[in-house]
Amino acid sequence: MAKYEGGCACGAVRYETEADPIMSGHCQCRKCQQLSGTGHASFAAFPAAAVKTTGKLKYWDYTADSGNTASRGHCPTCGSMVMGKTSGMKEMVAIQLASLDDPSKAKPMMVFYNAKAQAWDTLDAGLKRFPGMPPM
């Protein structure tokens with residue numbers, strides 16, 4: 001059994017990795033709000049080379065607030081957003097925390113794009129906040 005594994009809601013897409021997350025957090029940018037249907041998206045970033053995926057993801061690209069091209073991978077069958085990547089950090093892949101078989105394994109460490117937060121989207125007050133992307 002891999003250290004971290006998960007997939008989409010219907011099971012057509014699965015992933016696994018033995019790597020630990022490089023970082024994890026909640027993103028409150030407007031695009032994450034729209035894509036998640038709530039006030040933020042929660043994910044953990046892993047080394048891309050360490051994540052093995054089975055099944056096919058359909059990627060949708062857009063220009064992120066950073067100016068980089070962001071790509072969101074969805075299951076073409078059930079529509080679940082499973083992972084994302086960005087041209088600014090090609091060595092990482094962001095896995096949606098709720099897509100983990102055990103979402104409690106990776107806890108968010110920070111909140112970014114907090115300047116775009118909705119007043120009703122209250123998150124753990126103890127998490128470090130950044131108005132945009134955190135320094136990497």
# chains A, B, ... in the order shown; residues from 1 in each chain; ligands from 1
call {"tool": "residues_around", "arguments": {"residues": "Ser71 (chain A)", "least_positions_apart": "2", "cutoff": "7 Å", "atoms": "only C-alpha atoms", "output": "PyMOL selection string"}}
result
chain A and resi 59-62+69+73+84-86
call {"tool": "residues_around", "arguments": {"residues": "His40 (chain A)", "least_positions_apart": "5", "cutoff": "6 Å", "atoms": "only C-alpha atoms", "output": "NGL selection string"}}
result
:A and (27-28 or 32-33)
call {"tool": "residues_around", "arguments": {"residues": "Ala50 (chain A)", "least_positions_apart": "4", "cutoff": "9 Å", "atoms": "only C-alpha atoms", "output": "list in words"}}
result
Glu16, Thr17, Glu18, Ala19 and Phe46 of chain A
call {"tool": "select_by_dssp", "arguments": {"residues": "region 9-41 of chain A", "states": "strand (DSSP E)", "output": "VMD selection string"}}
result
chain A and resid 14 to 17 23 to 27 41
call {"tool": "residues_around", "arguments": {"residues": "Ala115 (chain A)", "least_positions_apart": "5", "cutoff": "12 Å", "atoms": "only C-alpha atoms", "output": "ChimeraX atom specification"}}
result
/A:27-30,129-133
call {"tool": "write_last_selection", "arguments": {"atoms": "N, CA, C and O atoms", "output": "mmCIF file, in the first residue's frame"}}
result
data_model
loop_
_atom_site.group_PDB
_atom_site.id
_atom_site.type_symbol
_atom_site.label_atom_id
_atom_site.label_comp_id
_atom_site.auth_asym_id
_atom_site.auth_seq_id
_atom_site.Cartn_x
_atom_site.Cartn_y
_atom_site.Cartn_z
ATOM 1 N N CYS A 27 -6.181 27.283 -1.066
ATOM 2 C CA CYS A 27 -6.049 28.419 -1.981
ATOM 3 C C CYS A 27 -7.400 29.116 -2.089
ATOM 4 O O CYS A 27 -8.402 28.479 -2.407
ATOM 5 N N GLN A 28 -7.408 30.415 -1.831
ATOM 6 C CA GLN A 28 -8.644 31.186 -1.886
ATOM 7 C C GLN A 28 -8.708 32.099 -3.107
ATOM 8 O O GLN A 28 -9.504 33.033 -3.137
ATOM 9 N N CYS A 29 -7.915 31.791 -4.153
ATOM 10 C CA CYS A 29 -8.005 32.602 -5.368
ATOM 11 C C CYS A 29 -9.393 32.405 -5.987
ATOM 12 O O CYS A 29 -10.091 31.433 -5.721
ATOM 13 N N ARG A 30 -9.791 33.329 -6.802
ATOM 14 C CA ARG A 30 -11.133 33.291 -7.386
ATOM 15 C C ARG A 30 -11.341 32.043 -8.254
ATOM 16 O O ARG A 30 -12.412 31.454 -8.239
ATOM 17 N N ARG A 129 -1.072 32.896 6.753
ATOM 18 C CA ARG A 129 -1.787 33.407 5.596
ATOM 19 C C ARG A 129 -0.885 34.271 4.728
ATOM 20 O O ARG A 129 -0.048 34.988 5.238
ATOM 21 N N PHE A 130 -1.140 34.173 3.419
ATOM 22 C CA PHE A 130 -0.409 34.986 2.446
ATOM 23 C C PHE A 130 -1.442 35.657 1.547
ATOM 24 O O PHE A 130 -2.413 35.015 1.118
ATOM 25 N N PRO A 131 -1.277 36.955 1.244
ATOM 26 C CA PRO A 131 -2.253 37.636 0.380
ATOM 27 C C PRO A 131 -2.269 37.083 -1.042
ATOM 28 O O PRO A 131 -3.276 37.119 -1.719
ATOM 29 N N GLY A 132 -1.139 36.544 -1.494
ATOM 30 C CA GLY A 132 -1.010 35.923 -2.818
ATOM 31 C C GLY A 132 -0.296 34.588 -2.639
ATOM 32 O O GLY A 132 -0.523 33.886 -1.654
ATOM 33 N N MET A 133 0.590 34.273 -3.570
ATOM 34 C CA MET A 133 1.374 33.036 -3.461
ATOM 35 C C MET A 133 2.420 33.196 -2.365
ATOM 36 O O MET A 133 3.013 34.273 -2.224
#
call {"tool": "residues_around", "arguments": {"residues": "Gly88 (chain A)", "least_positions_apart": "6", "cutoff": "9 Å", "atoms": "only C-alpha atoms", "output": "list in words"}}
result
Ser66, Gly67, Asn68, Thr69 and Ala70 of chain A
call {"tool": "write_last_selection", "arguments": {"atoms": "N, CA, C and O atoms", "output": "short mmCIF file (atom, residue, chain, number, x, y, z; two decimals), in the first residue's frame"}}
result
data_model
loop_
_atom_site.label_atom_id
_atom_site.label_comp_id
_atom_site.auth_asym_id
_atom_site.auth_seq_id
_atom_site.Cartn_x
_atom_site.Cartn_y
_atom_site.Cartn_z
N SER A 66 -0.78 34.34 -11.02
CA SER A 66 0.67 34.48 -11.06
C SER A 66 1.18 34.78 -12.47
O SER A 66 2.33 35.15 -12.64
N GLY A 67 0.33 34.56 -13.49
CA GLY A 67 0.74 34.70 -14.88
C GLY A 67 1.17 33.38 -15.51
O GLY A 67 1.34 33.29 -16.72
N ASN A 68 1.34 32.36 -14.68
CA ASN A 68 1.69 31.02 -15.18
C ASN A 68 0.46 30.33 -15.76
O ASN A 68 -0.67 30.72 -15.47
N THR A 69 0.70 29.31 -16.57
CA THR A 69 -0.39 28.48 -17.07
C THR A 69 -0.69 27.41 -16.03
O THR A 69 0.20 26.62 -15.68
N ALA A 70 -1.89 27.40 -15.53
CA ALA A 70 -2.33 26.38 -14.58
C ALA A 70 -3.17 25.37 -15.34
O ALA A 70 -3.93 25.73 -16.24
#
call {"tool": "atom_distance", "arguments": {"atom1": "CA of Gln118 (chain A)", "atom2": "CA of Leu100 (chain A)"}}
result
25.5 Å
call {"tool": "residues_around", "arguments": {"residues": "Pro103 (chain A)", "least_positions_apart": "5", "cutoff": "9 Å", "atoms": "only C-alpha atoms", "output": "PDB file with C-alpha atoms, in the first residue's frame"}}
result
ATOM      1  CA  GLY A   6      -6.627   8.227  -3.944  1.00  0.00           C
ATOM      2  CA  LEU A  97      -6.887  16.686  -0.480  1.00  0.00           C
ATOM      3  CA  ALA A  98     -10.470  15.416  -0.612  1.00  0.00           C
TER       4      ALA A  98
END
call {"tool": "closest_atom_pairs", "arguments": {"of": "region 105-135 of chain A", "to": "region 90-96 of chain A", "cutoff": "12 Å", "atoms": "only C-alpha atoms", "output": "tab-separated table"}}
result
residue	atom	partner	partner_atom	distance
A:Ala106	CA	A:Gln96	CA	10.2
A:Lys107	CA	A:Gln96	CA	11.5
A:Pro108	CA	A:Gln96	CA	11.0
call {"tool": "write_last_selection", "arguments": {"atoms": "N, CA, C and O atoms", "output": "short mmCIF file (atom, residue, chain, number, x, y, z; two decimals), in the first residue's frame"}}
result
data_model
loop_
_atom_site.label_atom_id
_atom_site.label_comp_id
_atom_site.auth_asym_id
_atom_site.auth_seq_id
_atom_site.Cartn_x
_atom_site.Cartn_y
_atom_site.Cartn_z
N ALA A 106 -2.90 14.32 5.09
CA ALA A 106 -2.17 15.54 4.69
C ALA A 106 -2.97 16.76 5.14
O ALA A 106 -4.01 17.05 4.57
N LYS A 107 -2.47 17.43 6.14
CA LYS A 107 -3.19 18.59 6.68
C LYS A 107 -2.66 19.88 6.06
O LYS A 107 -1.45 20.03 5.87
N PRO A 108 -3.55 20.83 5.74
CA PRO A 108 -3.11 22.11 5.19
C PRO A 108 -2.16 22.84 6.17
O PRO A 108 -2.39 22.84 7.38
#
call {"tool": "atom_distance", "arguments": {"atom1": "CA of Pro135 (chain A)", "atom2": "CA of Asp102 (chain A)"}}
result
28.4 Å
